[in-house]
$ cat work_38.cif   # mmCIF, C-alpha atoms, pLDDT in the B column; chains and numbers go by the auth columns
data_structure
loop_
_atom_site.group_PDB
_atom_site.id
_atom_site.type_symbol
_atom_site.label_atom_id
_atom_site.label_comp_id
_atom_site.label_asym_id
_atom_site.label_seq_id
_atom_site.Cartn_x
_atom_site.Cartn_y
_atom_site.Cartn_z
_atom_site.B_iso_or_equiv
_atom_site.auth_seq_id
_atom_site.auth_asym_id
ATOM 1 C CA MET A 1 129.708 90.683 96.147 58.00 27 A
ATOM 2 C CA LYS A 2 130.091 91.819 99.756 63.00 28 A
ATOM 3 C CA GLY A 3 126.570 90.616 100.605 64.00 29 A
ATOM 4 C CA ILE A 4 127.246 87.201 99.101 63.00 30 A
ATOM 5 C CA CYS A 5 130.410 86.843 101.166 62.00 31 A
ATOM 6 C CA GLU A 6 128.631 87.972 104.359 68.00 32 A
ATOM 7 C CA LEU A 7 126.127 85.141 103.832 65.00 33 A
ATOM 8 C CA GLY A 8 129.052 82.707 103.893 67.00 34 A
ATOM 9 C CA LEU A 9 129.161 82.048 100.165 68.00 35 A
ATOM 10 C CA GLU A 10 132.021 82.379 97.747 67.00 36 A
ATOM 11 C CA ALA A 11 132.223 85.395 95.438 69.00 37 A
ATOM 12 C CA SER A 12 132.161 82.916 92.551 71.00 38 A
ATOM 13 C CA GLU A 13 128.456 82.400 93.377 72.00 39 A
ATOM 14 C CA LEU A 14 127.827 85.457 91.207 74.00 40 A
ATOM 15 C CA GLU A 15 128.833 83.367 88.209 78.00 41 A
ATOM 16 C CA ASN A 16 125.652 81.326 88.817 79.00 42 A
ATOM 17 C CA ILE A 17 123.133 84.066 88.120 84.00 43 A
ATOM 18 C CA ARG A 18 120.100 82.729 86.292 84.00 44 A
ATOM 19 C CA TYR A 19 116.922 84.422 85.030 86.00 45 A
ATOM 20 C CA ASP A 20 113.315 83.360 85.427 85.00 46 A
ATOM 21 C CA GLU A 21 110.580 83.613 82.779 88.00 47 A
ATOM 22 C CA TYR A 22 110.164 87.342 83.526 87.00 48 A
ATOM 23 C CA LYS A 23 113.926 87.995 83.312 87.00 49 A
ATOM 24 C CA ARG A 24 114.231 88.424 87.089 88.00 50 A
ATOM 25 C CA PRO A 25 117.734 87.380 88.168 86.00 51 A
ATOM 26 C CA PHE A 26 118.305 84.807 90.921 80.00 52 A
ATOM 27 C CA LEU A 27 121.151 82.668 92.185 80.00 53 A
ATOM 28 C CA SER A 28 121.006 78.923 91.680 69.00 54 A
ATOM 29 C CA SER A 29 121.888 78.391 95.362 73.00 55 A
ATOM 30 C CA GLY A 30 118.462 79.727 96.389 76.00 56 A
ATOM 31 C CA ILE A 31 119.727 83.145 97.454 82.00 57 A
ATOM 32 C CA ASP A 32 117.256 85.873 96.518 88.00 58 A
ATOM 33 C CA PHE A 33 118.475 89.370 95.766 90.00 59 A
ATOM 34 C CA ASN A 34 117.334 92.604 94.230 92.00 60 A
ATOM 35 C CA ILE A 35 119.103 95.831 93.283 92.00 61 A
ATOM 36 C CA ALA A 36 117.877 99.415 92.922 95.00 62 A
ATOM 37 C CA HIS A 37 119.547 102.734 92.212 95.00 63 A
ATOM 38 C CA SER A 38 118.610 106.386 92.048 96.00 64 A
ATOM 39 C CA GLY A 39 120.599 109.584 92.403 94.00 65 A
ATOM 40 C CA SER A 40 123.637 108.933 94.613 93.00 66 A
ATOM 41 C CA TYR A 41 122.513 105.576 96.020 94.00 67 A
ATOM 42 C CA VAL A 42 122.622 101.922 95.032 93.00 68 A
ATOM 43 C CA LEU A 43 120.721 99.466 97.241 93.00 69 A
ATOM 44 C CA CYS A 44 120.931 95.695 97.341 90.00 70 A
ATOM 45 C CA ALA A 45 118.577 93.392 99.242 92.00 71 A
ATOM 46 C CA ILE A 46 119.757 89.830 99.736 89.00 72 A
ATOM 47 C CA SER A 47 118.270 86.906 101.657 88.00 73 A
ATOM 48 C CA LYS A 48 118.721 83.190 102.192 83.00 74 A
ATOM 49 C CA GLU A 49 115.130 82.622 103.325 86.00 75 A
ATOM 50 C CA ILE A 50 112.650 85.046 101.779 91.00 76 A
ATOM 51 C CA ARG A 51 111.781 86.761 98.514 92.00 77 A
ATOM 52 C CA VAL A 52 112.866 90.418 98.355 95.00 78 A
ATOM 53 C CA GLY A 53 112.270 93.470 96.195 96.00 79 A
ATOM 54 C CA ILE A 54 113.849 96.853 96.841 97.00 80 A
ATOM 55 C CA ASP A 55 113.446 100.316 95.382 97.00 81 A
ATOM 56 C CA ILE A 56 114.789 103.798 95.947 98.00 82 A
ATOM 57 C CA GLU A 57 113.660 106.999 94.273 97.00 83 A
ATOM 58 C CA GLU A 58 115.275 110.410 94.447 98.00 84 A
ATOM 59 C CA ILE A 59 112.578 112.979 95.203 97.00 85 A
ATOM 60 C CA ARG A 60 112.589 115.512 92.387 96.00 86 A
ATOM 61 C CA PRO A 61 109.913 117.647 90.727 96.00 87 A
ATOM 62 C CA VAL A 62 107.406 115.736 88.624 95.00 88 A
ATOM 63 C CA ASN A 63 104.150 116.582 86.888 95.00 89 A
ATOM 64 C CA PHE A 64 101.495 114.437 88.572 95.00 90 A
ATOM 65 C CA GLU A 65 99.341 114.604 85.437 93.00 91 A
ATOM 66 C CA ASP A 66 101.931 112.443 83.655 93.00 92 A
ATOM 67 C CA PHE A 67 101.265 109.645 86.174 92.00 93 A
ATOM 68 C CA VAL A 68 97.471 109.655 86.512 88.00 94 A
ATOM 69 C CA GLY A 69 97.042 105.914 85.835 88.00 95 A
ATOM 70 C CA VAL A 70 99.671 104.669 88.275 90.00 96 A
ATOM 71 C CA MET A 71 97.818 105.341 91.534 92.00 97 A
ATOM 72 C CA THR A 72 94.356 104.534 92.822 90.00 98 A
ATOM 73 C CA GLU A 73 91.978 107.411 93.525 91.00 99 A
ATOM 74 C CA ALA A 74 92.512 106.939 97.263 92.00 100 A
ATOM 75 C CA GLN A 75 96.294 107.071 96.817 93.00 101 A
ATOM 76 C CA TRP A 76 96.041 110.278 94.756 95.00 102 A
ATOM 77 C CA ASP A 77 93.808 111.760 97.437 95.00 103 A
ATOM 78 C CA ARG A 78 96.396 110.976 100.139 95.00 104 A
ATOM 79 C CA ILE A 79 99.227 112.306 97.983 96.00 105 A
ATOM 80 C CA LYS A 80 97.498 115.601 97.237 95.00 106 A
ATOM 81 C CA ARG A 81 96.519 116.143 100.901 97.00 107 A
ATOM 82 C CA HIS A 82 99.978 115.267 102.238 97.00 108 A
ATOM 83 C CA ARG A 83 102.092 118.119 103.617 96.00 109 A
ATOM 84 C CA ARG A 84 104.847 116.991 101.222 96.00 110 A
ATOM 85 C CA PRO A 85 103.011 115.724 98.106 97.00 111 A
ATOM 86 C CA LEU A 86 106.206 114.863 96.188 97.00 112 A
ATOM 87 C CA LYS A 87 107.524 112.798 99.108 97.00 113 A
ATOM 88 C CA ALA A 88 104.170 110.970 99.327 97.00 114 A
ATOM 89 C CA PHE A 89 104.116 110.352 95.563 97.00 115 A
ATOM 90 C CA TYR A 90 107.619 108.890 95.514 97.00 116 A
ATOM 91 C CA SER A 91 106.901 106.851 98.634 96.00 117 A
ATOM 92 C CA TYR A 92 103.912 105.199 96.933 95.00 118 A
ATOM 93 C CA TRP A 93 105.924 104.759 93.738 95.00 119 A
ATOM 94 C CA SER A 94 108.797 103.108 95.622 96.00 120 A
ATOM 95 C CA MET A 95 106.414 100.837 97.550 96.00 121 A
ATOM 96 C CA LYS A 96 104.817 99.679 94.308 94.00 122 A
ATOM 97 C CA GLU A 97 108.125 99.260 92.522 95.00 123 A
ATOM 98 C CA SER A 98 109.577 97.169 95.363 96.00 124 A
ATOM 99 C CA VAL A 99 106.514 94.880 95.254 95.00 125 A
ATOM 100 C CA MET A 100 106.658 94.546 91.462 93.00 126 A
ATOM 101 C CA LYS A 101 110.322 93.586 91.730 95.00 127 A
ATOM 102 C CA ALA A 102 109.750 91.095 94.561 94.00 128 A
ATOM 103 C CA ASP A 103 106.840 89.558 92.658 92.00 129 A
ATOM 104 C CA GLY A 104 109.053 89.228 89.602 88.00 130 A
ATOM 105 C CA ARG A 105 106.534 90.228 86.950 85.00 131 A
ATOM 106 C CA GLY A 106 107.677 93.841 87.015 84.00 132 A
ATOM 107 C CA MET A 107 105.852 96.229 84.709 84.00 133 A
ATOM 108 C CA GLU A 108 103.432 93.475 83.643 85.00 134 A
ATOM 109 C CA ILE A 109 101.587 94.376 86.858 87.00 135 A
ATOM 110 C CA PRO A 110 99.393 97.456 86.360 82.00 136 A
ATOM 111 C CA LEU A 111 100.517 99.952 89.002 84.00 137 A
ATOM 112 C CA ASP A 112 96.995 101.060 89.849 83.00 138 A
ATOM 113 C CA THR A 113 96.042 97.477 90.833 84.00 139 A
ATOM 114 C CA ILE A 114 98.561 97.341 93.681 87.00 140 A
ATOM 115 C CA SER A 115 96.545 97.792 96.870 84.00 141 A
ATOM 116 C CA ILE A 116 98.466 99.129 99.882 91.00 142 A
ATOM 117 C CA THR A 117 97.065 98.978 103.416 88.00 143 A
ATOM 118 C CA GLY A 118 99.573 99.962 106.083 88.00 144 A
ATOM 119 C CA ASN A 119 102.603 97.747 105.536 90.00 145 A
ATOM 120 C CA SER A 120 100.618 95.063 103.705 89.00 146 A
ATOM 121 C CA VAL A 121 100.246 94.937 99.925 90.00 147 A
ATOM 122 C CA THR A 122 97.928 92.836 97.826 85.00 148 A
ATOM 123 C CA CYS A 123 99.163 92.171 94.316 83.00 149 A
ATOM 124 C CA GLY A 124 97.058 89.657 92.439 79.00 150 A
ATOM 125 C CA GLN A 125 96.743 86.641 94.729 82.00 151 A
ATOM 126 C CA HIS A 126 99.932 87.406 96.643 86.00 152 A
ATOM 127 C CA GLU A 127 100.476 89.346 99.838 92.00 153 A
ATOM 128 C CA TRP A 128 103.664 91.305 100.371 95.00 154 A
ATOM 129 C CA PHE A 129 104.962 93.216 103.367 96.00 155 A
ATOM 130 C CA LEU A 130 106.705 96.565 103.257 96.00 156 A
ATOM 131 C CA LYS A 131 109.523 98.027 105.312 95.00 157 A
ATOM 132 C CA LYS A 132 110.429 101.695 104.966 96.00 158 A
ATOM 133 C CA LEU A 133 114.153 102.312 104.617 95.00 159 A
ATOM 134 C CA ASP A 134 115.330 105.625 106.041 93.00 160 A
ATOM 135 C CA ILE A 135 118.241 106.346 103.730 92.00 161 A
ATOM 136 C CA ASN A 136 118.080 110.106 103.191 93.00 162 A
ATOM 137 C CA ASP A 137 115.252 112.675 103.483 94.00 163 A
ATOM 138 C CA GLY A 138 115.602 113.454 99.771 96.00 164 A
ATOM 139 C CA TYR A 139 114.761 109.848 98.824 97.00 165 A
ATOM 140 C CA ALA A 140 111.954 107.335 99.224 97.00 166 A
ATOM 141 C CA ALA A 141 113.104 103.741 99.726 97.00 167 A
ATOM 142 C CA TRP A 142 111.144 100.564 100.505 97.00 168 A
ATOM 143 C CA LEU A 143 111.787 96.858 100.858 96.00 169 A
ATOM 144 C CA ALA A 144 109.063 94.330 99.972 96.00 170 A
ATOM 145 C CA THR A 145 109.194 90.764 101.294 95.00 171 A
ATOM 146 C CA ASN A 146 106.916 87.761 101.384 93.00 172 A
ATOM 147 C CA CYS A 147 107.299 87.504 105.173 90.00 173 A
ATOM 148 C CA ASN A 148 105.803 89.862 107.745 88.00 174 A
ATOM 149 C CA LYS A 149 108.333 89.050 110.483 82.00 175 A
ATOM 150 C CA THR A 150 111.486 90.228 108.778 74.00 176 A
ATOM 151 C CA THR A 151 114.606 91.504 110.490 76.00 177 A
ATOM 152 C CA ILE A 152 116.527 93.960 108.352 76.00 178 A
ATOM 153 C CA ALA A 153 120.200 94.757 108.739 74.00 179 A
ATOM 154 C CA LEU A 154 121.181 97.927 106.890 74.00 180 A
ATOM 155 C CA LYS A 155 124.853 98.163 106.005 72.00 181 A
ATOM 156 C CA TYR A 156 126.287 101.255 104.398 72.00 182 A
ATOM 157 C CA ILE A 157 129.248 100.873 102.081 72.00 183 A
ATOM 158 C CA HIS A 158 130.971 103.978 100.784 69.00 184 A
ATOM 159 C CA PHE A 159 132.853 103.719 97.507 66.00 185 A
#

$ encode --input "work_38.cif" --output "structure tokens"
Amino acid sequence: MKGICELGLEASELENIRYDEYKRPFLSSGIDFNIAHSGSYVLCAISKEIRVGIDIEEIRPVNFEDFVGVMTEAQWDRIKRHRRPLKAFYSYWSMKESVMKADGRGMEIPLDTISITGNSVTCGQHEWFLKKLDINDGYAAWLATNCNKTTIALKYIHF
């Protein structure tokens, strides 16, 4: 609600949440938003002008063998050679998740088809742009947008 008010809209705008064909929520006023949570954090991305997808993942032990089909061979190679393989794994996961959420099709997009080059992502016929969010060293967090020239304002709210 705070983000809606900071954009100059009334809190009642939240009563106008609609869902697209993939069940992605949006506001009828054209405001795009996305929410993610993991561990101790909840993130919300909100914009008047661009499409957004956000994700955060708490870095915790995981068996890579359980996730073989979610990365490309090149991504697995980079993960395994990284000085912090878990951090690299969750970073890739969060990048992909933020793109899937921005795109709106979610898990209908096979994770291993999401091609990441620097801060640019190709997903089907769409190009997305990534921004790393430095929230906490124990987390990986990324914002995906459909605009390369995006200014981000991070605001921390403690409950």

$ residues_around --input "work_38.cif" --residues "Ile140 (chain A)" --least-positions-apart "6" --cutoff "7 Å" --atoms "only C-alpha atoms" --output "count of residues only"
4

$ closest_residue --input "work_38.cif" --among "A:Met121, A:Val88, A:Ile80, A:Cys70" --to "Gly144 (chain A)" --atoms "only C-alpha atoms"
A:Met121

$ resolve_selection --input "work_38.cif" --expression "the PyMOL selection byres ((chain A and resi 127) around 8)" --output "list in words"
Arg50, Asn60, Val78, Gly79, Ile80, Glu123, Ser124, Val125, Met126, Ala128, Asp129, Gly130, Arg131 and Gly132 of chain A

$ closest_residue --input "work_38.cif" --among "A:Ala71, A:Cys173, A:Ile183, A:Leu156" --to "Tyr118 (chain A)" --atoms "only C-alpha atoms"
A:Leu156

$ residues_around --input "work_38.cif" --residues "Ile43 (chain A)" --least-positions-apart "5" --cutoff "10 Å" --atoms "all atoms listed in the file" --output "list of chain:residue names"
A:Arg50, A:Pro51, A:Phe52, A:Leu53, A:Ser54, A:Ser55, A:Ile57

$ axis_aligned_box --input "work_38.cif" --around "region 39-57 of chain A" --padding-each-side "5 Å" --output "JSON"
{"center_x": 119.5, "center_y": 83.4, "center_z": 90.1, "size_x": 28.7, "size_y": 20.0, "size_z": 24.7}

$ atom_distance --input "work_38.cif" --atom1 "CA of Asp160 (chain A)" --atom2 "CA of Leu137 (chain A)"
23.3 Å

$ atom_distance --input "work_38.cif" --atom1 "CA of Asp58 (chain A)" --atom2 "CA of His152 (chain A)"
17.4 Å

$ closest_residue --input "work_38.cif" --among "A:Val68, A:Ala100, A:Val94, A:Leu40" --to "Ser141 (chain A)" --atoms "only C-alpha atoms"
A:Ala100

$ atom_distance --input "work_38.cif" --atom1 "CA of Asn145 (chain A)" --atom2 "CA of Asp46 (chain A)"
26.9 Å

$ residues_around --input "work_38.cif" --residues "Ser146 (chain A)" --least-positions-apart "6" --cutoff "8 Å" --atoms "all atoms listed in the file" --output "PyMOL selection string"
chain A and resi 153-156

$ closest_residue --input "work_38.cif" --among "A:Lys175, A:Gly65, A:Lys157, A:Tyr165" --to "Ala114 (chain A)" --atoms "only C-alpha atoms"
A:Tyr165

$ residues_around --input "work_38.cif" --residues "Asp138 (chain A)" --least-positions-apart "4" --cutoff "9 Å" --atoms "all atoms listed in the file" --output "mmCIF file with C-alpha atoms, in the frame of the given file"
data_model
loop_
_atom_site.group_PDB
_atom_site.id
_atom_site.type_symbol
_atom_site.label_atom_id
_atom_site.label_comp_id
_atom_site.auth_asym_id
_atom_site.auth_seq_id
_atom_site.Cartn_x
_atom_site.Cartn_y
_atom_site.Cartn_z
ATOM 1 C CA GLY A 95 97.042 105.914 85.835
ATOM 2 C CA VAL A 96 99.671 104.669 88.275
ATOM 3 C CA MET A 97 97.818 105.341 91.534
ATOM 4 C CA THR A 98 94.356 104.534 92.822
ATOM 5 C CA GLU A 99 91.978 107.411 93.525
#

$ residues_around --input "work_38.cif" --residues "Asn89 (chain A)" --least-positions-apart "3" --cutoff "12 Å" --atoms "all atoms listed in the file" --output "CSV table (one decimal) with C-alpha atoms, keeping the file's coordinate frame"
chain,number,residue,atom,x,y,z
A,86,ARG,CA,112.6,115.5,92.4
A,92,ASP,CA,101.9,112.4,83.7
A,93,PHE,CA,101.3,109.6,86.2
A,94,VAL,CA,97.5,109.7,86.5
A,111,PRO,CA,103.0,115.7,98.1
A,112,LEU,CA,106.2,114.9,96.2
A,115,PHE,CA,104.1,110.4,95.6

$ resolve_selection --input "work_38.cif" --expression "the PyMOL selection byres ((chain A and resi 178) around 10)" --output "ChimeraX atom specification"
/A:71,73,157,159,169,175-177,179-181

$ closest_residue --input "work_38.cif" --among "A:Tyr67, A:Phe90, A:Trp119, A:Glu134" --to "Lys106 (chain A)" --atoms "only C-alpha atoms"
A:Phe90

$ closest_residue --input "work_38.cif" --among "A:Ala166, A:Ile142, A:Lys158, A:Gln151" --to "Ile85 (chain A)" --atoms "only C-alpha atoms"
A:Ala166

$ build_atoms --input "work_38.cif" --residues "region 109-120 of chain A" --atoms "N, CA, C and O atoms" --output "short mmCIF file (atom, residue, chain, number, x, y, z; two decimals), keeping the file's coordinate frame"
data_model
loop_
_atom_site.label_atom_id
_atom_site.label_comp_id
_atom_site.auth_asym_id
_atom_site.auth_seq_id
_atom_site.Cartn_x
_atom_site.Cartn_y
_atom_site.Cartn_z
N ARG A 109 101.36 116.85 103.46
CA ARG A 109 102.09 118.12 103.62
C ARG A 109 103.30 118.20 102.68
O ARG A 109 103.76 119.29 102.37
N ARG A 110 103.77 117.05 102.22
CA ARG A 110 104.85 116.99 101.22
C ARG A 110 104.40 116.06 100.10
O ARG A 110 104.79 114.89 100.05
N PRO A 111 103.58 116.58 99.16
CA PRO A 111 103.01 115.72 98.11
C PRO A 111 104.05 114.96 97.30
O PRO A 111 103.83 113.79 96.97
N LEU A 112 105.18 115.57 96.96
CA LEU A 112 106.21 114.86 96.19
C LEU A 112 106.76 113.68 96.97
O LEU A 112 106.97 112.60 96.42
N LYS A 113 107.02 113.88 98.26
CA LYS A 113 107.52 112.80 99.11
C LYS A 113 106.51 111.66 99.15
O LYS A 113 106.86 110.49 99.03
N ALA A 114 105.22 112.00 99.29
CA ALA A 114 104.17 110.97 99.33
C ALA A 114 104.08 110.24 98.00
O ALA A 114 103.94 109.00 97.96
N PHE A 115 104.16 110.98 96.89
CA PHE A 115 104.12 110.35 95.56
C PHE A 115 105.25 109.35 95.40
O PHE A 115 105.04 108.19 95.02
N TYR A 116 106.48 109.78 95.69
CA TYR A 116 107.62 108.89 95.51
C TYR A 116 107.60 107.73 96.51
O TYR A 116 108.09 106.65 96.21
N SER A 117 107.02 107.94 97.68
CA SER A 117 106.90 106.85 98.63
C SER A 117 105.98 105.76 98.07
O SER A 117 106.33 104.58 98.07
N TYR A 118 104.81 106.18 97.57
CA TYR A 118 103.91 105.20 96.93
C TYR A 118 104.59 104.52 95.74
O TYR A 118 104.49 103.30 95.56
N TRP A 119 105.25 105.32 94.92
CA TRP A 119 105.92 104.76 93.74
C TRP A 119 106.95 103.71 94.16
O TRP A 119 107.00 102.60 93.60
N SER A 120 107.76 104.02 95.16
CA SER A 120 108.80 103.11 95.62
C SER A 120 108.20 101.85 96.26
O SER A 120 108.71 100.75 96.07
#
